[in-house]
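Raw contents of query39.tsv, TSV, C-alpha atoms and all ligand atoms:
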chain	number	residue	atom	x	y	z
A	482	MET	CA	-72.04	-260.98	-45.06
A	483	ASN	CA	-68.84	-260.71	-43.04
A	484	VAL	CA	-66.24	-259.30	-45.45
A	485	ASN	CA	-63.41	-259.29	-42.92
A	486	VAL	CA	-62.41	-262.94	-42.80
A	487	SER	CA	-59.01	-262.08	-41.33
A	488	PRO	CA	-58.38	-263.49	-37.85
A	489	LEU	CA	-55.88	-260.68	-37.26
A	490	GLY	CA	-57.92	-257.86	-38.73
A	491	LEU	CA	-55.30	-256.78	-41.25
A	492	GLU	CA	-56.90	-258.08	-44.40
A	493	ALA	CA	-59.41	-255.23	-44.61
A	494	LYS	CA	-56.56	-252.70	-44.58
A	495	ARG	CA	-54.24	-254.76	-46.73
A	496	ASP	CA	-54.64	-253.07	-50.07
A	497	ALA	CA	-54.06	-249.60	-48.63
A	498	ILE	CA	-51.05	-250.77	-46.60
A	499	VAL	CA	-49.54	-252.53	-49.60
A	500	GLU	CA	-50.06	-249.59	-51.90
A	501	ARG	CA	-48.51	-247.06	-49.51
A	502	THR	CA	-45.62	-249.39	-48.78
A	503	LEU	CA	-44.81	-250.03	-52.44
A	504	ARG	CA	-45.09	-246.35	-53.30
A	505	TRP	CA	-42.59	-245.53	-50.55
A	506	TRP	CA	-40.27	-248.34	-51.68
A	507	ASP	CA	-40.24	-247.25	-55.32
A	508	LEU	CA	-38.74	-243.95	-54.14
A	509	ASN	CA	-36.61	-245.08	-51.21
A	510	ARG	CA	-35.41	-248.65	-51.81
A	511	ARG	CA	-31.92	-249.58	-50.69
A	512	ASP	CA	-29.50	-250.21	-53.52
A	513	LEU	CA	-28.01	-253.61	-52.59
A	514	PRO	CA	-25.62	-255.54	-54.84
A	515	TRP	CA	-27.84	-258.64	-55.06
A	516	ARG	CA	-31.01	-256.79	-55.96
A	517	ALA	CA	-32.34	-256.52	-59.51
A	518	LYS	CA	-32.62	-252.92	-60.70
A	519	PRO	CA	-36.16	-251.59	-61.20
A	520	GLY	CA	-37.63	-253.26	-64.29
A	521	GLU	CA	-35.01	-256.06	-64.32
A	522	ALA	CA	-35.97	-259.70	-63.72
A	523	ALA	CA	-34.49	-261.10	-60.50
A	524	ASP	CA	-31.85	-263.83	-60.90
A	525	PRO	CA	-32.79	-266.79	-58.62
A	526	TYR	CA	-29.08	-267.66	-58.14
A	527	ARG	CA	-28.26	-264.18	-56.81
A	528	VAL	CA	-31.39	-264.10	-54.65
A	529	TRP	CA	-30.62	-267.52	-53.13
A	530	LEU	CA	-26.92	-266.73	-52.63
A	531	SER	CA	-27.67	-263.40	-50.94
A	532	GLU	CA	-30.27	-264.93	-48.63
A	533	VAL	CA	-27.81	-267.61	-47.49
A	534	LEU	CA	-25.04	-265.05	-46.94
A	535	LEU	CA	-27.42	-262.75	-45.06
A	536	GLN	CA	-28.43	-265.36	-42.48
A	537	GLN	CA	-27.15	-264.04	-39.12
A	538	THR	CA	-25.23	-261.31	-40.98
A	539	THR	CA	-25.88	-257.65	-41.77
A	540	ALA	CA	-26.27	-256.46	-45.37
A	541	GLN	CA	-23.12	-254.38	-44.97
A	542	ALA	CA	-21.05	-257.38	-43.85
A	543	ALA	CA	-22.54	-259.71	-46.47
A	544	ALA	CA	-22.02	-257.37	-49.46
A	545	PRO	CA	-18.26	-257.96	-50.06
A	546	TYR	CA	-18.77	-261.72	-49.71
A	547	PHE	CA	-21.57	-261.62	-52.25
A	548	GLN	CA	-19.41	-259.66	-54.72
A	549	ARG	CA	-16.55	-262.13	-54.30
A	550	PHE	CA	-18.84	-265.14	-54.79
A	551	VAL	CA	-20.46	-263.86	-57.98
A	552	GLN	CA	-17.13	-262.73	-59.42
A	553	THR	CA	-15.55	-266.12	-58.75
A	554	TRP	CA	-18.63	-268.22	-59.57
A	555	PRO	CA	-21.01	-266.24	-61.82
A	556	THR	CA	-23.51	-269.11	-62.13
A	557	VAL	CA	-24.84	-271.84	-59.88
A	558	GLU	CA	-23.08	-274.41	-62.10
A	559	ASP	CA	-19.74	-272.62	-61.54
A	560	LEU	CA	-20.30	-272.76	-57.78
A	561	ALA	CA	-21.29	-276.44	-57.97
A	562	GLY	CA	-18.00	-277.19	-59.77
A	563	ALA	CA	-15.84	-275.49	-57.09
A	564	SER	CA	-13.94	-277.48	-54.46
A	565	THR	CA	-15.43	-277.61	-50.95
A	566	GLU	CA	-12.24	-276.01	-49.61
A	567	ALA	CA	-12.60	-273.07	-52.01
A	568	VAL	CA	-16.23	-272.49	-50.98
A	569	ILE	CA	-15.37	-272.71	-47.27
A	570	GLY	CA	-12.42	-270.37	-47.91
A	571	ALA	CA	-14.71	-267.82	-49.58
A	572	PHE	CA	-17.06	-268.06	-46.59
A	573	ALA	CA	-14.31	-267.60	-44.00
A	574	GLY	CA	-15.08	-264.88	-41.50
A	575	LEU	CA	-18.87	-265.16	-41.86
A	576	GLY	CA	-19.13	-267.97	-39.30
A	577	TYR	CA	-21.72	-270.76	-39.27
A	578	TYR	CA	-19.74	-273.01	-41.61
A	579	SER	CA	-22.53	-275.52	-41.97
A	580	ARG	CA	-24.05	-272.79	-44.17
A	581	ALA	CA	-21.07	-273.00	-46.54
A	582	ARG	CA	-21.40	-276.78	-46.79
A	583	ASN	CA	-25.15	-276.55	-47.40
A	584	LEU	CA	-24.60	-273.77	-49.93
A	585	HIS	CA	-22.27	-276.02	-51.90
A	586	ALA	CA	-24.60	-279.04	-51.62
A	587	CYS	CA	-27.54	-276.92	-52.78
A	588	ALA	CA	-25.56	-275.56	-55.75
A	589	LYS	CA	-24.74	-279.14	-56.80
A	590	GLU	CA	-28.40	-280.15	-56.47
A	591	VAL	CA	-29.62	-277.21	-58.58
A	592	ALA	CA	-26.84	-277.74	-61.15
A	593	SER	CA	-27.95	-281.37	-61.48
A	594	ARG	CA	-31.41	-280.02	-62.46
A	595	GLY	CA	-29.95	-277.99	-65.32
A	596	GLY	CA	-29.24	-274.94	-63.15
A	597	LEU	CA	-32.92	-274.18	-62.53
A	598	PHE	CA	-34.20	-273.41	-59.05
A	599	PRO	CA	-37.72	-274.66	-58.29
A	600	ASP	CA	-40.24	-271.79	-58.08
A	601	GLU	CA	-42.61	-273.12	-55.40
A	602	GLU	CA	-41.94	-272.61	-51.69
A	603	ALA	CA	-42.43	-276.31	-50.83
A	604	ASP	CA	-39.96	-277.47	-53.51
A	605	LEU	CA	-37.44	-274.83	-52.50
A	606	ARG	CA	-37.67	-276.01	-48.89
A	607	ALA	CA	-36.52	-279.47	-49.99
A	608	LEU	CA	-33.12	-278.07	-51.11
A	609	PRO	CA	-30.12	-278.42	-48.74
A	610	GLY	CA	-29.89	-275.52	-46.28
A	611	VAL	CA	-33.11	-273.85	-47.47
A	612	GLY	CA	-35.48	-273.34	-44.54
A	613	ASP	CA	-38.91	-271.68	-44.30
A	614	TYR	CA	-37.58	-268.14	-44.45
A	615	THR	CA	-35.19	-268.65	-47.38
A	616	ALA	CA	-37.78	-270.61	-49.39
A	617	ALA	CA	-40.37	-267.85	-48.92
A	618	ALA	CA	-37.82	-265.14	-49.80
A	619	ILE	CA	-36.73	-266.89	-53.03
A	620	ALA	CA	-40.32	-267.70	-54.03
A	621	ALA	CA	-41.42	-264.09	-53.52
A	622	ILE	CA	-38.35	-262.16	-54.72
A	623	ALA	CA	-37.08	-264.40	-57.53
A	624	PHE	CA	-40.40	-265.79	-58.79
A	625	GLY	CA	-43.05	-263.27	-57.65
A	626	ARG	CA	-45.01	-265.94	-55.74
A	627	ARG	CA	-47.35	-264.80	-52.99
A	628	ALA	CA	-45.10	-265.71	-50.06
A	629	ALA	CA	-44.23	-263.99	-46.79
A	630	PRO	CA	-40.61	-264.28	-45.65
A	631	VAL	CA	-40.19	-263.06	-42.06
A	632	ASP	CA	-36.68	-261.94	-41.17
A	633	GLY	CA	-35.64	-259.90	-38.13
A	634	ASN	CA	-36.59	-256.57	-39.74
A	635	ILE	CA	-40.01	-257.75	-40.92
A	636	ARG	CA	-40.65	-259.35	-37.52
A	637	ARG	CA	-40.12	-256.02	-35.78
A	638	VAL	CA	-42.22	-254.04	-38.29
A	639	VAL	CA	-45.17	-256.45	-38.15
A	640	ALA	CA	-45.04	-256.79	-34.35
A	641	ARG	CA	-45.18	-252.98	-34.07
A	642	LEU	CA	-47.87	-252.61	-36.70
A	643	MET	CA	-50.05	-254.81	-34.50
A	644	ALA	CA	-48.55	-253.66	-31.17
A	645	LEU	CA	-48.14	-257.31	-30.21
A	646	ASP	CA	-47.68	-257.29	-26.44
A	647	LEU	CA	-45.85	-260.62	-26.31
A	648	PRO	CA	-42.22	-261.65	-25.97
A	649	VAL	CA	-40.88	-262.04	-29.49
A	650	ALA	CA	-40.38	-265.79	-29.17
A	651	GLU	CA	-44.05	-266.30	-28.27
A	652	ALA	CA	-45.26	-263.90	-30.96
A	653	GLN	CA	-43.63	-265.74	-33.88
A	654	ALA	CA	-46.72	-267.60	-35.08
A	655	ARG	CA	-48.93	-264.50	-34.96
A	656	ILE	CA	-46.31	-262.41	-36.75
A	657	ARG	CA	-46.01	-265.04	-39.48
A	658	ALA	CA	-49.80	-265.23	-39.84
A	659	ALA	CA	-50.04	-261.43	-40.10
A	660	ALA	CA	-47.21	-261.26	-42.67
A	661	THR	CA	-48.99	-263.93	-44.72
A	662	GLU	CA	-52.25	-261.97	-44.54
A	663	LEU	CA	-50.51	-258.83	-45.72
A	664	ALA	CA	-48.56	-260.43	-48.61
A	665	PRO	CA	-50.10	-259.22	-51.89
A	666	GLY	CA	-50.71	-261.39	-54.93
A	667	ARG	CA	-48.89	-258.88	-57.13
A	668	ARG	CA	-45.34	-257.61	-56.42
A	669	ALA	CA	-45.03	-259.94	-53.41
A	670	GLY	CA	-41.22	-259.85	-53.69
A	671	ASP	CA	-41.13	-256.06	-53.80
A	672	PHE	CA	-43.47	-255.90	-50.82
A	673	ALA	CA	-41.27	-258.25	-48.78
A	674	GLN	CA	-38.16	-256.22	-49.65
A	675	ALA	CA	-40.03	-253.01	-48.84
A	676	LEU	CA	-40.84	-254.30	-45.34
A	677	MET	CA	-37.18	-255.32	-44.93
A	678	ASP	CA	-36.11	-251.80	-45.92
A	679	ILE	CA	-38.64	-250.16	-43.60
A	680	GLY	CA	-37.25	-252.31	-40.78
A	681	ALA	CA	-33.64	-251.42	-41.62
A	682	MET	CA	-34.11	-247.73	-42.45
A	683	LEU	CA	-37.07	-246.48	-40.39
A	684	CYS	CA	-38.41	-249.01	-37.93
A	685	ARG	CA	-35.08	-249.42	-36.16
A	686	PRO	CA	-34.91	-251.15	-32.78
A	687	LYS	CA	-34.18	-247.77	-31.15
A	688	ASN	CA	-35.58	-244.40	-32.27
A	689	PRO	CA	-37.91	-245.56	-35.04
A	690	ALA	CA	-38.57	-242.81	-37.58
A	691	CYS	CA	-42.36	-243.07	-37.42
A	692	ALA	CA	-42.99	-239.65	-38.96
A	693	ALA	CA	-41.38	-240.81	-42.22
A	694	CYS	CA	-42.92	-244.29	-42.22
A	695	PRO	CA	-45.53	-245.25	-44.81
A	696	LEU	CA	-47.15	-247.53	-42.19
A	697	GLY	CA	-47.49	-244.72	-39.62
A	698	GLY	CA	-51.24	-244.28	-40.11
A	699	ASP	CA	-51.96	-247.97	-39.48
A	700	CYS	CA	-49.38	-248.63	-36.79
A	701	ALA	CA	-50.75	-249.53	-33.37
A	702	ALA	CA	-47.32	-249.26	-31.73
A	703	ARG	CA	-46.98	-245.71	-33.00
A	704	ARG	CA	-50.44	-244.88	-31.67
A	705	SER	CA	-49.42	-246.26	-28.28
A	706	GLY	CA	-46.78	-243.53	-28.06
A	707	ALA	CA	-44.04	-246.05	-27.22
A	708	PRO	CA	-43.20	-247.94	-30.45
A	709	GLU	CA	-39.83	-249.05	-29.11
A	710	ALA	CA	-41.58	-251.16	-26.48
A	711	PHE	CA	-42.67	-253.61	-29.20
A	712	PRO	CA	-41.96	-256.44	-29.60
A	713	ARG	CA	-41.16	-257.31	-25.98
A	714	PRO	CA	-37.71	-258.91	-25.69
A	715	SER	CA	-37.61	-262.58	-24.70
A	716	ALA	CA	-35.88	-263.24	-21.42
A	717	GLY	CA	-32.43	-264.46	-22.38
A	718	ARG	CA	-30.41	-267.01	-20.47
A	719	PRO	CA	-26.63	-266.49	-20.30
A	720	LYS	CA	-24.77	-268.78	-22.67
A	721	PRO	CA	-22.55	-271.51	-21.21
A	722	THR	CA	-18.81	-270.95	-21.47
A	723	ARG	CA	-16.04	-273.11	-22.88
A	724	ALA	CA	-12.30	-272.63	-22.95
A	725	GLY	CA	-9.33	-274.01	-24.87
A	726	THR	CA	-5.83	-273.32	-26.10
A	727	ALA	CA	-4.35	-272.29	-29.44
A	728	PHE	CA	-0.68	-272.66	-30.35
A	729	PHE	CA	1.02	-270.18	-32.64
A	730	ALA	CA	4.24	-271.84	-33.86
A	731	ARG	CA	5.99	-269.34	-36.09
A	732	ARG	CA	8.86	-269.92	-38.52
A	733	ALA	CA	11.57	-267.33	-39.26
A	734	ASP	CA	9.79	-266.24	-42.47
A	735	GLY	CA	6.53	-265.54	-40.57
A	736	ALA	CA	4.66	-268.70	-41.67
A	737	PHE	CA	2.85	-270.52	-38.84
A	738	LEU	CA	1.62	-274.07	-38.26
A	739	ALA	CA	-2.03	-274.73	-39.05
A	740	ARG	CA	-4.35	-277.66	-39.64
A	741	ARG	CA	-7.77	-278.25	-41.17
A	742	ARG	CA	-10.72	-279.17	-38.95
A	743	PRO	CA	-12.68	-282.37	-39.68
A	744	PRO	CA	-15.33	-282.18	-42.45
A	745	HIS	CA	-18.23	-282.45	-39.99
A	746	GLY	CA	-19.24	-280.64	-36.82
A	747	LEU	CA	-18.55	-277.13	-35.57
A	748	LEU	CA	-16.54	-274.97	-38.03
A	749	ALA	CA	-16.24	-278.01	-40.30
A	750	SER	CA	-13.31	-277.95	-42.78
A	751	THR	CA	-12.08	-274.53	-41.69
A	752	VAL	CA	-8.39	-273.91	-41.01
A	753	GLU	CA	-7.26	-273.43	-37.41
A	754	LEU	CA	-4.27	-273.10	-35.14
A	755	PRO	CA	-3.39	-276.33	-33.35
A	756	GLY	CA	-4.86	-276.50	-29.86
A	757	SER	CA	-6.89	-278.37	-27.28
A	758	ALA	CA	-10.54	-279.42	-27.41
A	759	TRP	CA	-12.92	-276.69	-26.18
A	760	THR	CA	-14.42	-277.82	-22.89
A	761	SER	CA	-16.22	-276.31	-19.92
A	762	ALA	CA	-13.23	-277.22	-17.73
A	763	GLY	CA	-10.74	-275.36	-19.97
A	764	PRO	CA	-6.98	-275.97	-20.18
A	765	GLY	CA	-5.33	-277.53	-17.14
A	766	GLU	CA	-1.73	-277.71	-15.95
A	767	ASP	CA	-0.86	-280.22	-18.67
A	768	TRP	CA	-1.64	-277.83	-21.56
A	769	ARG	CA	1.72	-278.71	-23.18
A	770	LEU	CA	0.25	-282.08	-24.18
A	771	ASP	CA	-1.86	-280.26	-26.79
A	772	ALA	CA	1.11	-278.41	-28.33
A	773	PRO	CA	1.84	-279.57	-31.90
A	774	VAL	CA	5.64	-279.59	-31.41
A	775	PRO	CA	8.06	-279.33	-28.49
A	776	ALA	CA	9.20	-275.68	-28.35
A	777	GLY	CA	9.76	-272.82	-25.90
A	778	TRP	CA	6.04	-272.02	-25.54
A	779	ARG	CA	5.11	-268.73	-23.93
A	780	ARG	CA	1.61	-267.98	-22.66
A	781	LEU	CA	0.50	-264.67	-24.20
A	782	PRO	CA	-1.23	-262.14	-21.96
A	783	GLY	CA	-4.99	-261.67	-22.47
A	784	GLY	CA	-6.96	-264.08	-24.62
A	785	VAL	CA	-9.47	-264.35	-27.42
A	786	GLU	CA	-13.22	-264.51	-26.93
A	787	GLN	CA	-15.85	-265.57	-29.45
A	788	ALA	CA	-19.60	-266.05	-29.03
A	789	PHE	CA	-21.02	-269.08	-30.86
A	790	THR	CA	-24.71	-269.88	-31.09
A	791	HIS	CA	-24.68	-272.15	-28.03
A	792	PHE	CA	-21.66	-271.08	-26.01
A	793	VAL	CA	-19.01	-268.44	-25.49
A	794	LEU	CA	-15.43	-269.55	-26.07
A	795	THR	CA	-12.27	-268.16	-24.48
A	796	LEU	CA	-8.96	-269.19	-25.99
A	797	THR	CA	-5.60	-268.90	-24.27
A	798	VAL	CA	-2.91	-268.44	-26.90
A	799	PHE	CA	0.68	-269.74	-26.64
A	800	ALA	CA	3.45	-268.67	-29.02
A	801	ALA	CA	6.87	-270.10	-29.89
A	802	ARG	CA	9.49	-269.96	-32.61
A	803	PHE	CA	9.76	-273.26	-34.50
A	804	ASP	CA	11.83	-273.92	-37.62
A	805	GLY	CA	11.50	-277.68	-38.03
A	806	PRO	CA	9.38	-279.49	-40.59
A	807	ALA	CA	5.57	-279.45	-40.16
A	808	PRO	CA	4.52	-282.60	-38.30
A	809	ALA	CA	1.94	-284.98	-39.84
A	810	GLY	CA	-1.50	-283.41	-40.02
A	811	PHE	CA	-0.20	-279.82	-40.03
A	812	PHE	CA	1.04	-277.44	-42.71
A	813	TRP	CA	2.81	-274.09	-42.85
A	814	LEU	CA	0.52	-271.19	-43.60
A	815	THR	CA	2.44	-268.32	-45.16
A	816	SER	CA	1.41	-264.69	-44.75
A	817	GLU	CA	0.46	-264.44	-48.47
A	818	LEU	CA	-2.07	-267.26	-48.06
A	819	VAL	CA	-3.50	-266.26	-44.70
A	820	GLY	CA	-6.37	-264.17	-46.12
A	821	HIS	CA	-7.67	-266.95	-48.39
A	822	ALA	CA	-6.91	-270.07	-46.37
A	823	GLY	CA	-10.35	-270.45	-44.78
A	824	LEU	CA	-9.50	-269.42	-41.20
A	825	SER	CA	-12.66	-269.04	-39.12
A	826	SER	CA	-13.38	-265.74	-37.33
A	827	VAL	CA	-12.17	-267.04	-33.98
A	828	MET	CA	-8.90	-268.27	-35.54
A	829	ARG	CA	-8.36	-264.97	-37.34
A	830	LYS	CA	-8.71	-263.29	-33.96
A	831	ALA	CA	-6.25	-265.77	-32.40
A	832	VAL	CA	-3.67	-265.19	-35.16
A	833	ALA	CA	-4.07	-261.39	-34.88
A	834	HIS	CA	-3.76	-261.63	-31.08
A	835	ALA	CA	-0.58	-263.74	-31.35
A	836	ALA	CA	0.94	-261.50	-34.02
A	837	LYS	CA	0.32	-258.45	-31.82
A	838	ALA	CA	1.38	-259.96	-28.51
A	839	ALA	CA	4.44	-261.80	-29.93
A	840	PRO	CA	5.70	-259.58	-32.78
A	841	ARG	CA	8.24	-261.04	-35.18
A	842	ARG	CA	11.82	-260.00	-34.55
A	843	SER	CA	13.66	-258.60	-37.55
A	844	PRO	CA	16.35	-261.01	-38.74
A	845	SER	CA	19.68	-260.06	-37.12
A	901	LIG	S1	-44.86	-246.23	-37.65
A	901	LIG	FE1	-43.01	-246.39	-36.46
A	901	LIG	S2	-43.24	-248.22	-35.20
A	901	LIG	FE2	-44.81	-248.30	-36.79
A	901	LIG	S3	-43.85	-249.54	-38.41
A	901	LIG	FE3	-43.43	-247.39	-38.90
A	901	LIG	S4	-41.43	-246.93	-37.95
A	901	LIG	FE4	-42.22	-248.86	-37.08
Kindly transcribe the structure held in the file into structure tokens.
Ligand code: SF4
Amino acid sequence: MNVNVSPLGLEAKRDAIVERTLRWWDLNRRDLPWRAKPGEAADPYRVWLSEVLLQQTTAQAAAPYFQRFVQTWPTVEDLAGASTEAVIGAFAGLGYYSRARNLHACAKEVASRGGLFPDEEADLRALPGVGDYTAAAIAAIAFGRRAAPVDGNIRRVVARLMALDLPVAEAQARIRAAATELAPGRRAGDFAQALMDIGAMLCRPKNPACAACPLGGDCAARRSGAPEAFPRPSAGRPKPTRAGTAFFARRADGAFLARRRPPHGLLASTVELPGSAWTSAGPGEDWRLDAPVPAGWRRLPGGVEQAFTHFVLTLTVFAARFDGPAPAGFFWLTSELVGHAGLSSVMRKAVAHAAKAAPRRSPS
């Protein structure tokens, strides 16, 4: 009888790998604000919220956002009852604002079901903004289901464990299959978090700490003598560029003119400085046509750059003093409100750039 039914050959070693990994994790786990303490039941709301905040974001950057969210909205029903502007405002600086809109839509959906998250991967996947990875993470971590979330850390660990000699984009399906083979029926959530911690703490992109790794004895990349070579990077294409303008119209008391972006599309509903559309051609000679008010505009030296998923943006910033009333569609943003107004990262950079390059004069 063939006992090894695994196409990837990991199943035969699974129990030993899982046991060593969990033993290491019980002693070395990272203490993260969204994690249940040992022996505590995981709260699906906190697991879901953390996984959404962690998408494209490091644990260190996500932690203060998570704390603010759970302090302001301790339950999914509280979050569902918040205004969209408040949720977008709390998200400001994390980027990817469609995530904030989906987060709010998902909270409303779960609240309408009595505040209970579904516990099966397929049902979780049907919620707004919950993709394959997030559904598997919630199913495993919050509900102990046998599921295999594959984030960037787990991808690297599994690719090295198998010494997959493929560019990472082509290796995705094999990595997912291997992670699924490894996922244990018991403590699946702990195992997934243990792999995440191994990826973050030991199996780093550069200088992996193989000597301390509980997977060292099974790791083909380690045996190869060059673990860093796995997985092979995918050949990247340079991102296209776009350019635009931003206008910093400042009043004597330091407030500046701002507006809210439309509720759909890039950076939906965030607050921004007035400015031009962002195009590949960039601002032309007639840039004044995009200014919100007639004023003595001055082009500030340097500019602001921000990488988005599909392009890199360069903004040229203009500054002027303006003490008239805010025109239709704009409002004055005072310095007390700036931190909570929902400015996106690129607009925070533009405001900081303008404030530095065109400092306020003390009143004479
Ligand atoms: S032994 Fe080294 S390369 Fe292999 S998983 Fe552990 S840290 Fe990564």
task: Produce as number ranges by chain the set of residues near ligand LIG 901 (chain A), where near means within 9 Å with all atoms listed in the file considered.
output: A: 637-644, 676, 679-680, 682-686, 688-704, 707-709, 711
- prompt: What does the distance between CA of Gln787 in chain A and CA of Ala724 in chain A come to in Å, to one decimal place?
  reply: 10.2 Å
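As for CA of Ala617 in chain A and CA of Asp671 in chain A, they are spaced 12.8 Å apart.
You will find CA of Pro806 in chain A at 22.1 Å from CA of Trp768 in chain A.
Considering only C-alpha atoms, the residue among A:Asp678, A:Gln653, A:Thr760, A:Trp554 positioned nearest to Leu513 in chain A is A:Asp678.
Remark: for Ala629 in chain A, the closest of the candidate residues A:Val649, A:Leu503, A:Ile656, A:Ala822 is A:Ile656 (distances computed over only C-alpha atoms).
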field: Spatial neighbours of range 577-586 of chain A, 10 Å, all atoms listed in the file, chain gap at least 5 places, as a PyMOL selection string
entry: chain A and resi 529-530+533-534+536-537+557+560-566+568-572+591-592+608-611+744-751+789-790+825-826
message: Measuring between all atoms listed in the file, which one of A:Gly777, A:Pro755, A:Pro743, A:Pro630 shows the shortest distance to Ala727 in chain A?
response: A:Pro755
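Distances here use only C-alpha atoms; by that measure, the residue among A:Ala628, A:Val528, A:Ala730, A:Ala522 closest to Ala836 in chain A is A:Ala730.
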Taking the point (-1.1, -269.8, -21.0) as given in the file, collect each protein or nucleic acid residue that comes within 10 Å of it, counting all atoms listed in the file, and present the set as an mmCIF file with C-alpha atoms, keeping the file's coordinate frame.
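Output file out-v6.cif is given in full below:
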data_model
loop_
_atom_site.group_PDB
_atom_site.id
_atom_site.type_symbol
_atom_site.label_atom_id
_atom_site.label_comp_id
_atom_site.auth_asym_id
_atom_site.auth_seq_id
_atom_site.Cartn_x
_atom_site.Cartn_y
_atom_site.Cartn_z
ATOM 1 C CA THR A 726 -5.830 -273.320 -26.100
ATOM 2 C CA ALA A 727 -4.350 -272.290 -29.440
ATOM 3 C CA PHE A 728 -0.680 -272.660 -30.350
ATOM 4 C CA PRO A 764 -6.980 -275.970 -20.180
ATOM 5 C CA GLY A 765 -5.330 -277.530 -17.140
ATOM 6 C CA GLU A 766 -1.730 -277.710 -15.950
ATOM 7 C CA TRP A 768 -1.640 -277.830 -21.560
ATOM 8 C CA ARG A 769 1.720 -278.710 -23.180
ATOM 9 C CA TRP A 778 6.040 -272.020 -25.540
ATOM 10 C CA ARG A 779 5.110 -268.730 -23.930
ATOM 11 C CA ARG A 780 1.610 -267.980 -22.660
ATOM 12 C CA LEU A 781 0.500 -264.670 -24.200
ATOM 13 C CA PRO A 782 -1.230 -262.140 -21.960
ATOM 14 C CA GLY A 783 -4.990 -261.670 -22.470
ATOM 15 C CA GLY A 784 -6.960 -264.080 -24.620
ATOM 16 C CA LEU A 796 -8.960 -269.190 -25.990
ATOM 17 C CA THR A 797 -5.600 -268.900 -24.270
ATOM 18 C CA VAL A 798 -2.910 -268.440 -26.900
ATOM 19 C CA PHE A 799 0.680 -269.740 -26.640
ATOM 20 C CA ALA A 800 3.450 -268.670 -29.020
#
message: Under the rule that only C-alpha atoms are counted, which of A:Thr556, A:Ser757, A:Asn634, A:Thr615 is the nearest residue to Glu532 in chain A?
response: A:Thr615
message: Taking 3 positions as the minimum chain separation for residues in the same chain, which residues sit within 7 Å of Gly670 in chain A when counting all atoms listed in the file? Answer as number ranges by chain.
response: A: 621-622, 625, 673-674
- request: For Pro599 in chain A, please output as a PyMOL selection string all residues within 12 Å (counting only C-alpha atoms; exclusion window: fewer than 2 positions along the same chain).
  value: chain A and resi 525-526+529+587+590-592+594-597+601-608+611+616-617+619-620+623-624+626
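For the set A:Asp600, A:Asp804, A:Asp524, A:Asp632, the residue with the smallest atom-to-atom gap to Asp613 in chain A is A:Asp632, counting all atoms listed in the file.
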Step by step: locate range 789-798 of chain A in the block above, keep N, CA, C and O atoms, then write the file as a compact mmCIF listing (two decimals), in the first residue's frame.
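Writing done, so here's decode17.txt:
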# COMPACT_ATOMS: atom_id res chain seq x y z
N PHE A 789 1.69 53.96 -5.94
CA PHE A 789 0.42 53.25 -5.82
C PHE A 789 0.61 51.87 -6.42
O PHE A 789 1.67 51.56 -6.98
N THR A 790 -0.42 51.04 -6.33
CA THR A 790 -0.28 49.67 -6.83
C THR A 790 0.09 49.66 -8.31
O THR A 790 0.91 48.86 -8.74
N HIS A 791 -0.55 50.54 -9.11
CA HIS A 791 -0.36 50.45 -10.55
C HIS A 791 0.44 51.59 -11.17
O HIS A 791 0.65 51.60 -12.38
N PHE A 792 0.82 52.56 -10.38
CA PHE A 792 1.61 53.66 -10.96
C PHE A 792 2.34 54.42 -9.85
O PHE A 792 2.04 54.25 -8.66
N VAL A 793 3.29 55.24 -10.28
CA VAL A 793 4.00 56.10 -9.33
C VAL A 793 3.61 57.53 -9.64
O VAL A 793 3.67 57.97 -10.79
N LEU A 794 3.18 58.25 -8.61
CA LEU A 794 2.68 59.61 -8.79
C LEU A 794 3.70 60.64 -8.32
O LEU A 794 4.32 60.46 -7.27
N THR A 795 3.87 61.71 -9.11
CA THR A 795 4.66 62.85 -8.65
C THR A 795 3.76 64.07 -8.63
O THR A 795 3.11 64.39 -9.64
N LEU A 796 3.70 64.72 -7.49
CA LEU A 796 2.87 65.93 -7.37
C LEU A 796 3.75 67.16 -7.29
O LEU A 796 4.72 67.19 -6.52
N THR A 797 3.40 68.17 -8.07
CA THR A 797 4.02 69.49 -7.92
C THR A 797 3.09 70.30 -7.02
O THR A 797 1.87 70.33 -7.24
N VAL A 798 3.66 70.93 -6.00
CA VAL A 798 2.82 71.63 -5.02
C VAL A 798 2.97 73.14 -5.19
O VAL A 798 4.09 73.65 -5.35
